[in-house]
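Enquirer: Structure file work-v7.cif (mmCIF, C-alpha atoms) right here:
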data_structure
loop_
_atom_site.label_atom_id
_atom_site.label_comp_id
_atom_site.auth_asym_id
_atom_site.auth_seq_id
_atom_site.Cartn_x
_atom_site.Cartn_y
_atom_site.Cartn_z
CA MET A 1 -45.90 -68.87 88.66
CA ASN A 2 -45.97 -67.23 92.09
CA ALA A 3 -49.54 -66.36 93.16
CA HIS A 4 -48.24 -62.93 94.20
CA PRO A 5 -45.34 -62.01 91.91
CA ILE A 6 -43.34 -58.97 92.96
CA SER A 7 -43.03 -57.64 89.40
CA ARG A 8 -44.46 -58.34 85.98
CA PHE A 9 -40.85 -58.42 84.71
CA PRO A 10 -38.30 -61.16 85.46
CA VAL A 11 -36.72 -60.88 88.91
CA PRO A 12 -33.09 -62.01 88.85
CA ALA A 13 -31.69 -64.44 91.40
CA LEU A 14 -29.37 -62.84 93.95
CA ASP A 15 -26.45 -65.10 93.03
CA GLY A 16 -26.68 -63.99 89.38
CA LEU A 17 -26.42 -60.26 90.11
CA PRO A 18 -23.30 -58.11 89.74
CA ASP A 19 -21.25 -58.08 92.95
CA ASP A 20 -21.99 -54.44 93.86
CA ILE A 21 -25.75 -54.88 93.51
CA ARG A 22 -25.77 -58.18 95.39
CA ALA A 23 -23.73 -56.57 98.20
CA ARG A 24 -26.17 -53.64 98.40
CA ILE A 25 -29.17 -55.96 98.60
CA LEU A 26 -27.56 -58.17 101.26
CA GLU A 27 -26.68 -55.07 103.30
CA VAL A 28 -30.32 -53.95 103.20
CA GLN A 29 -31.47 -57.45 104.13
CA GLU A 30 -29.08 -57.51 107.09
CA LYS A 31 -30.39 -54.17 108.35
CA SER A 32 -34.12 -54.71 107.82
CA GLY A 33 -34.46 -58.47 108.14
CA PHE A 34 -35.90 -58.85 104.61
CA VAL A 35 -35.23 -57.66 101.06
CA PRO A 36 -37.59 -54.88 99.98
CA ASN A 37 -39.06 -55.91 96.63
CA VAL A 38 -37.98 -52.66 94.95
CA PHE A 39 -34.36 -53.83 95.10
CA LEU A 40 -35.17 -57.12 93.40
CA ALA A 41 -37.49 -55.58 90.82
CA PHE A 42 -35.06 -52.81 89.84
CA ALA A 43 -32.19 -55.33 89.67
CA HIS A 44 -33.80 -56.47 86.40
CA ARG A 45 -31.72 -53.67 84.84
CA PRO A 46 -28.45 -53.29 86.77
CA ASP A 47 -27.34 -49.96 85.24
CA GLU A 48 -30.71 -48.38 85.99
CA PHE A 49 -30.64 -49.89 89.51
CA ARG A 50 -27.31 -48.16 90.14
CA ALA A 51 -28.49 -44.83 88.73
CA PHE A 52 -31.77 -44.85 90.64
CA PHE A 53 -30.25 -45.74 93.99
CA ALA A 54 -27.36 -43.30 93.54
CA TYR A 55 -29.85 -40.45 93.11
CA HIS A 56 -32.06 -41.85 95.88
CA ASP A 57 -29.12 -41.91 98.29
CA ALA A 58 -27.93 -38.44 97.26
CA LEU A 59 -31.34 -37.02 98.20
CA MET A 60 -32.58 -39.20 101.01
CA LEU A 61 -29.40 -39.88 103.00
CA LYS A 62 -27.62 -36.53 102.93
CA PRO A 63 -27.99 -34.08 105.81
CA SER A 64 -30.23 -31.16 104.92
CA GLY A 65 -32.83 -28.80 106.33
CA LEU A 66 -35.33 -31.65 105.97
CA THR A 67 -35.58 -34.37 108.59
CA LYS A 68 -35.77 -38.05 107.65
CA GLY A 69 -39.45 -37.84 108.57
CA ASP A 70 -39.96 -34.82 106.30
CA LYS A 71 -38.36 -36.64 103.40
CA GLU A 72 -40.49 -39.75 103.87
CA MET A 73 -43.58 -37.56 104.24
CA ILE A 74 -42.86 -36.07 100.82
CA VAL A 75 -42.49 -39.56 99.37
CA VAL A 76 -45.76 -40.76 100.91
CA ALA A 77 -47.74 -37.69 99.81
CA THR A 78 -46.30 -37.89 96.28
CA SER A 79 -46.96 -41.62 96.10
CA GLY A 80 -50.52 -41.14 97.32
CA ALA A 81 -51.12 -38.51 94.64
CA ASN A 82 -49.70 -40.92 92.03
CA ASP A 83 -51.69 -43.92 93.35
CA CYS A 84 -48.52 -45.93 93.95
CA LEU A 85 -49.33 -48.78 96.31
CA TYR A 86 -45.72 -49.95 96.64
CA CYS A 87 -44.29 -46.59 97.70
CA VAL A 88 -47.21 -45.64 99.96
CA VAL A 89 -46.85 -48.92 101.84
CA ALA A 90 -43.04 -49.13 101.93
CA HIS A 91 -42.32 -45.47 102.66
CA GLY A 92 -45.35 -45.26 104.92
CA ALA A 93 -43.58 -47.78 107.17
CA LEU A 94 -40.48 -45.55 107.30
CA LEU A 95 -42.60 -42.45 107.93
CA ARG A 96 -44.34 -44.14 110.87
CA ILE A 97 -40.95 -45.02 112.35
CA TYR A 98 -39.33 -41.59 111.87
CA GLU A 99 -42.37 -39.64 113.10
CA LYS A 100 -43.13 -42.19 115.85
CA SER A 101 -46.78 -42.15 114.81
CA PRO A 102 -48.78 -45.18 113.66
CA LEU A 103 -51.40 -42.89 112.04
CA VAL A 104 -49.43 -40.32 110.07
CA ALA A 105 -48.64 -42.32 106.94
CA ASP A 106 -52.26 -43.19 106.20
CA GLN A 107 -53.32 -39.60 106.83
CA VAL A 108 -50.62 -38.14 104.59
CA ALA A 109 -51.21 -40.65 101.79
CA VAL A 110 -54.94 -39.92 101.63
CA ASN A 111 -55.14 -36.19 102.46
CA TYR A 112 -52.18 -34.45 104.07
CA ARG A 113 -54.29 -31.32 104.63
CA LYS A 114 -56.29 -33.25 107.26
CA ALA A 115 -53.27 -35.04 108.74
CA ASP A 116 -51.93 -34.55 112.24
CA ILE A 117 -48.81 -32.74 111.03
CA SER A 118 -47.36 -29.30 111.68
CA PRO A 119 -48.14 -26.16 109.64
CA ARG A 120 -44.49 -26.29 108.48
CA GLN A 121 -44.97 -29.82 107.16
CA LYS A 122 -48.23 -28.83 105.45
CA ALA A 123 -46.43 -25.97 103.69
CA MET A 124 -43.71 -28.42 102.63
CA LEU A 125 -46.33 -30.79 101.22
CA ASP A 126 -48.21 -27.94 99.52
CA PHE A 127 -45.02 -27.26 97.57
CA ALA A 128 -44.36 -30.96 96.93
CA MET A 129 -47.89 -31.46 95.59
CA LYS A 130 -47.51 -28.49 93.28
CA VAL A 131 -44.28 -30.02 91.95
CA CYS A 132 -46.05 -33.37 91.60
CA LEU A 133 -49.31 -32.22 90.02
CA ASP A 134 -48.77 -28.75 88.49
CA SER A 135 -45.06 -27.94 88.28
CA ARG A 136 -45.55 -25.56 85.36
CA ALA A 137 -47.42 -23.19 87.72
CA ILE A 138 -44.66 -22.88 90.35
CA SER A 139 -43.85 -19.24 91.02
CA ASP A 140 -41.91 -17.04 93.42
CA ALA A 141 -44.95 -17.07 95.72
CA ASP A 142 -44.45 -20.80 96.30
CA PHE A 143 -40.86 -20.21 97.41
CA ASP A 144 -42.00 -17.30 99.60
CA ALA A 145 -44.54 -19.58 101.31
CA LEU A 146 -41.75 -22.05 102.11
CA ARG A 147 -39.48 -19.30 103.45
CA GLU A 148 -42.28 -18.20 105.82
CA HIS A 149 -41.95 -21.62 107.45
CA GLY A 150 -38.16 -21.51 107.69
CA PHE A 151 -37.28 -23.46 104.55
CA SER A 152 -34.29 -22.31 102.52
CA ASP A 153 -34.08 -22.34 98.74
CA GLU A 154 -31.84 -25.42 99.06
CA ASP A 155 -34.61 -27.10 101.06
CA ALA A 156 -37.03 -26.20 98.25
CA TRP A 157 -34.68 -27.90 95.79
CA ASP A 158 -34.65 -31.00 97.99
CA ILE A 159 -38.45 -31.05 98.24
CA ALA A 160 -38.74 -30.73 94.45
CA ALA A 161 -36.06 -33.32 93.74
CA ILE A 162 -37.52 -35.90 96.13
CA THR A 163 -40.97 -35.34 94.63
CA ALA A 164 -39.61 -35.70 91.10
CA LEU A 165 -37.56 -38.82 91.86
CA PHE A 166 -40.54 -40.51 93.43
CA GLY A 167 -42.72 -39.49 90.51
CA LEU A 168 -40.36 -41.66 88.45
CA SER A 169 -40.35 -44.40 91.08
CA ASN A 170 -44.17 -44.37 91.37
CA ARG A 171 -44.58 -44.71 87.65
CA MET A 172 -42.10 -47.59 87.40
CA ALA A 173 -43.66 -49.35 90.40
CA ASN A 174 -47.09 -49.04 88.80
CA ALA A 175 -45.87 -50.12 85.35
CA THR A 176 -44.11 -53.17 86.78
CA SER A 177 -46.97 -54.03 89.19
CA MET A 178 -44.42 -53.97 92.00
CA ARG A 179 -45.86 -55.64 95.07
CA PRO A 180 -45.08 -54.29 98.54
CA ASN A 181 -43.53 -56.76 100.96
CA ASP A 182 -46.03 -58.01 103.52
CA GLU A 183 -43.58 -56.98 106.26
CA PHE A 184 -44.08 -53.28 105.52
CA TYR A 185 -47.75 -53.24 106.52
CA LEU A 186 -47.12 -53.64 110.26
CA ILE A 187 -43.85 -51.73 110.62
CA GLY A 188 -44.36 -48.74 112.88
CA ARG A 189 -47.91 -49.81 113.78
CA VAL A 190 -47.15 -52.51 116.34
CA PRO A 191 -44.21 -52.82 118.73
CA ARG A 192 -41.28 -54.81 117.38
CA ALA A 193 -40.83 -58.30 118.76
CA LYS A 194 -37.86 -58.42 121.11
CA SER A 195 -35.12 -60.79 120.00
#
Turn the structure described in the file into structure tokens.

Expert:
Amino acid sequence: MNAHPISRFPVPALDGLPDDIRARILEVQEKSGFVPNVFLAFAHRPDEFRAFFAYHDALMLKPSGLTKGDKEMIVVATSGANDCLYCVVAHGALLRIYEKSPLVADQVAVNYRKADISPRQKAMLDFAMKVCLDSRAISDADFDALREHGFSDEDAWDIAAITALFGLSNRMANATSMRPNDEFYLIGRVPRAKS
């Protein structure tokens, strides 16, 4: 048994995966230089892998009123609130890259209210945290607060949907004991080695 397994569930071998899933994983590996463990762990159930990443891509890759940094900030804040090590570490790396700040991910994961982020981003995370922790109490006032910072109702939908998707992801990562790749810890903190 591996001293540091990436999941408490069986992780399939790449060559045994359906072609579309194997191709997706190899594409990610080509781009990042490694395979993020979430892809291998979720490949345990191919239909759920496809559904999860289809929704992920629909939210995270489409153009919207949210920047890539905003989206990753929502993921990191949500994951911090849900005590999800995998998502804080993995998406923290992306947040550091998009915001060009080696400090922001740690700040947002622990207490976004004290983070070096804009008032607009704090309003965005106020809404995300309400969706994450007390969605039954969302009211028109929460949408008004977003509008005061230039967010549209469609942006509010995106904030809520990203928060909700990563609530699911956080819970599955915790239930499976998904281990973050070691590579994520330094991404965006130290300059990349030149090839």

Enquirer: Sorted by chain and rising residue number, which residues of range 57-113 of chain A lie within 7 Å of range 156-173 of chain A, and what are their closest atom pairs and distances in Å to one decimal, counting only C-alpha atoms, as JSON lines?

Expert:
{"residue": "A:Leu59", "atom": "CA", "partner": "A:Ile162", "partner_atom": "CA", "distance": 6.6}
{"residue": "A:Ile74", "atom": "CA", "partner": "A:Thr163", "partner_atom": "CA", "distance": 6.5}
{"residue": "A:Val75", "atom": "CA", "partner": "A:Phe166", "partner_atom": "CA", "distance": 6.3}
{"residue": "A:Thr78", "atom": "CA", "partner": "A:Thr163", "partner_atom": "CA", "distance": 6.1}
{"residue": "A:Ser79", "atom": "CA", "partner": "A:Asn170", "partner_atom": "CA", "distance": 6.1}
{"residue": "A:Asn82", "atom": "CA", "partner": "A:Asn170", "partner_atom": "CA", "distance": 6.6}
{"residue": "A:Cys84", "atom": "CA", "partner": "A:Asn170", "partner_atom": "CA", "distance": 5.3}
{"residue": "A:Tyr86", "atom": "CA", "partner": "A:Ala173", "partner_atom": "CA", "distance": 6.6}
{"residue": "A:Cys87", "atom": "CA", "partner": "A:Asn170", "partner_atom": "CA", "distance": 6.7}

Enquirer: Now that the selection is made, can you save its residues with C-alpha atoms as a PDB file, keeping the file's coordinate frame?

Expert:
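The result, written out as selection_23.pdb:
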ATOM      1  CA  LEU A  59     -31.340 -37.020  98.200  1.00  0.00           C
ATOM      2  CA  ILE A  74     -42.860 -36.070 100.820  1.00  0.00           C
ATOM      3  CA  VAL A  75     -42.490 -39.560  99.370  1.00  0.00           C
ATOM      4  CA  THR A  78     -46.300 -37.890  96.280  1.00  0.00           C
ATOM      5  CA  SER A  79     -46.960 -41.620  96.100  1.00  0.00           C
ATOM      6  CA  ASN A  82     -49.700 -40.920  92.030  1.00  0.00           C
ATOM      7  CA  CYS A  84     -48.520 -45.930  93.950  1.00  0.00           C
ATOM      8  CA  TYR A  86     -45.720 -49.950  96.640  1.00  0.00           C
ATOM      9  CA  CYS A  87     -44.290 -46.590  97.700  1.00  0.00           C
TER      10      CYS A  87
END

Enquirer: Between A:Glu48, A:Ile6, A:Lys68, A:Pro102, which is the closest to Pro36 in chain A once you count only C-alpha atoms?

Expert: A:Ile6

Enquirer: Quick check, in Å to one decimal: how far apart do CA of Asp106 in chain A and CA of Thr67 in chain A lie?

Expert: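 Straight-line distance from CA of Asp106 in chain A to CA of Thr67 in chain A works out to 19.0 Å.
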
Enquirer: Which polymer residues, protein or nucleic acid, are no farther than 12 Å from (-46.8, -43.9, 110.0), counting only C-alpha atoms, as an MDAnalysis selection string?

Expert: chainID A and resid 69:70 72:73 76:77 88:109 115:117 184:190

Enquirer: Let me know the residues the PyMOL selection byres ((chain A and resi 41) around 8) catches in the file above, as a PDB file with C-alpha atoms, in the coordinates of the input.

Expert:
ATOM      1  CA  ILE A   6     -43.340 -58.970  92.960  1.00  0.00           C
ATOM      2  CA  SER A   7     -43.030 -57.640  89.400  1.00  0.00           C
ATOM      3  CA  PHE A   9     -40.850 -58.420  84.710  1.00  0.00           C
ATOM      4  CA  PRO A  10     -38.300 -61.160  85.460  1.00  0.00           C
ATOM      5  CA  VAL A  11     -36.720 -60.880  88.910  1.00  0.00           C
ATOM      6  CA  ASN A  37     -39.060 -55.910  96.630  1.00  0.00           C
ATOM      7  CA  VAL A  38     -37.980 -52.660  94.950  1.00  0.00           C
ATOM      8  CA  PHE A  39     -34.360 -53.830  95.100  1.00  0.00           C
ATOM      9  CA  LEU A  40     -35.170 -57.120  93.400  1.00  0.00           C
ATOM     10  CA  PHE A  42     -35.060 -52.810  89.840  1.00  0.00           C
ATOM     11  CA  ALA A  43     -32.190 -55.330  89.670  1.00  0.00           C
ATOM     12  CA  HIS A  44     -33.800 -56.470  86.400  1.00  0.00           C
ATOM     13  CA  MET A 178     -44.420 -53.970  92.000  1.00  0.00           C
TER      14      MET A 178
END
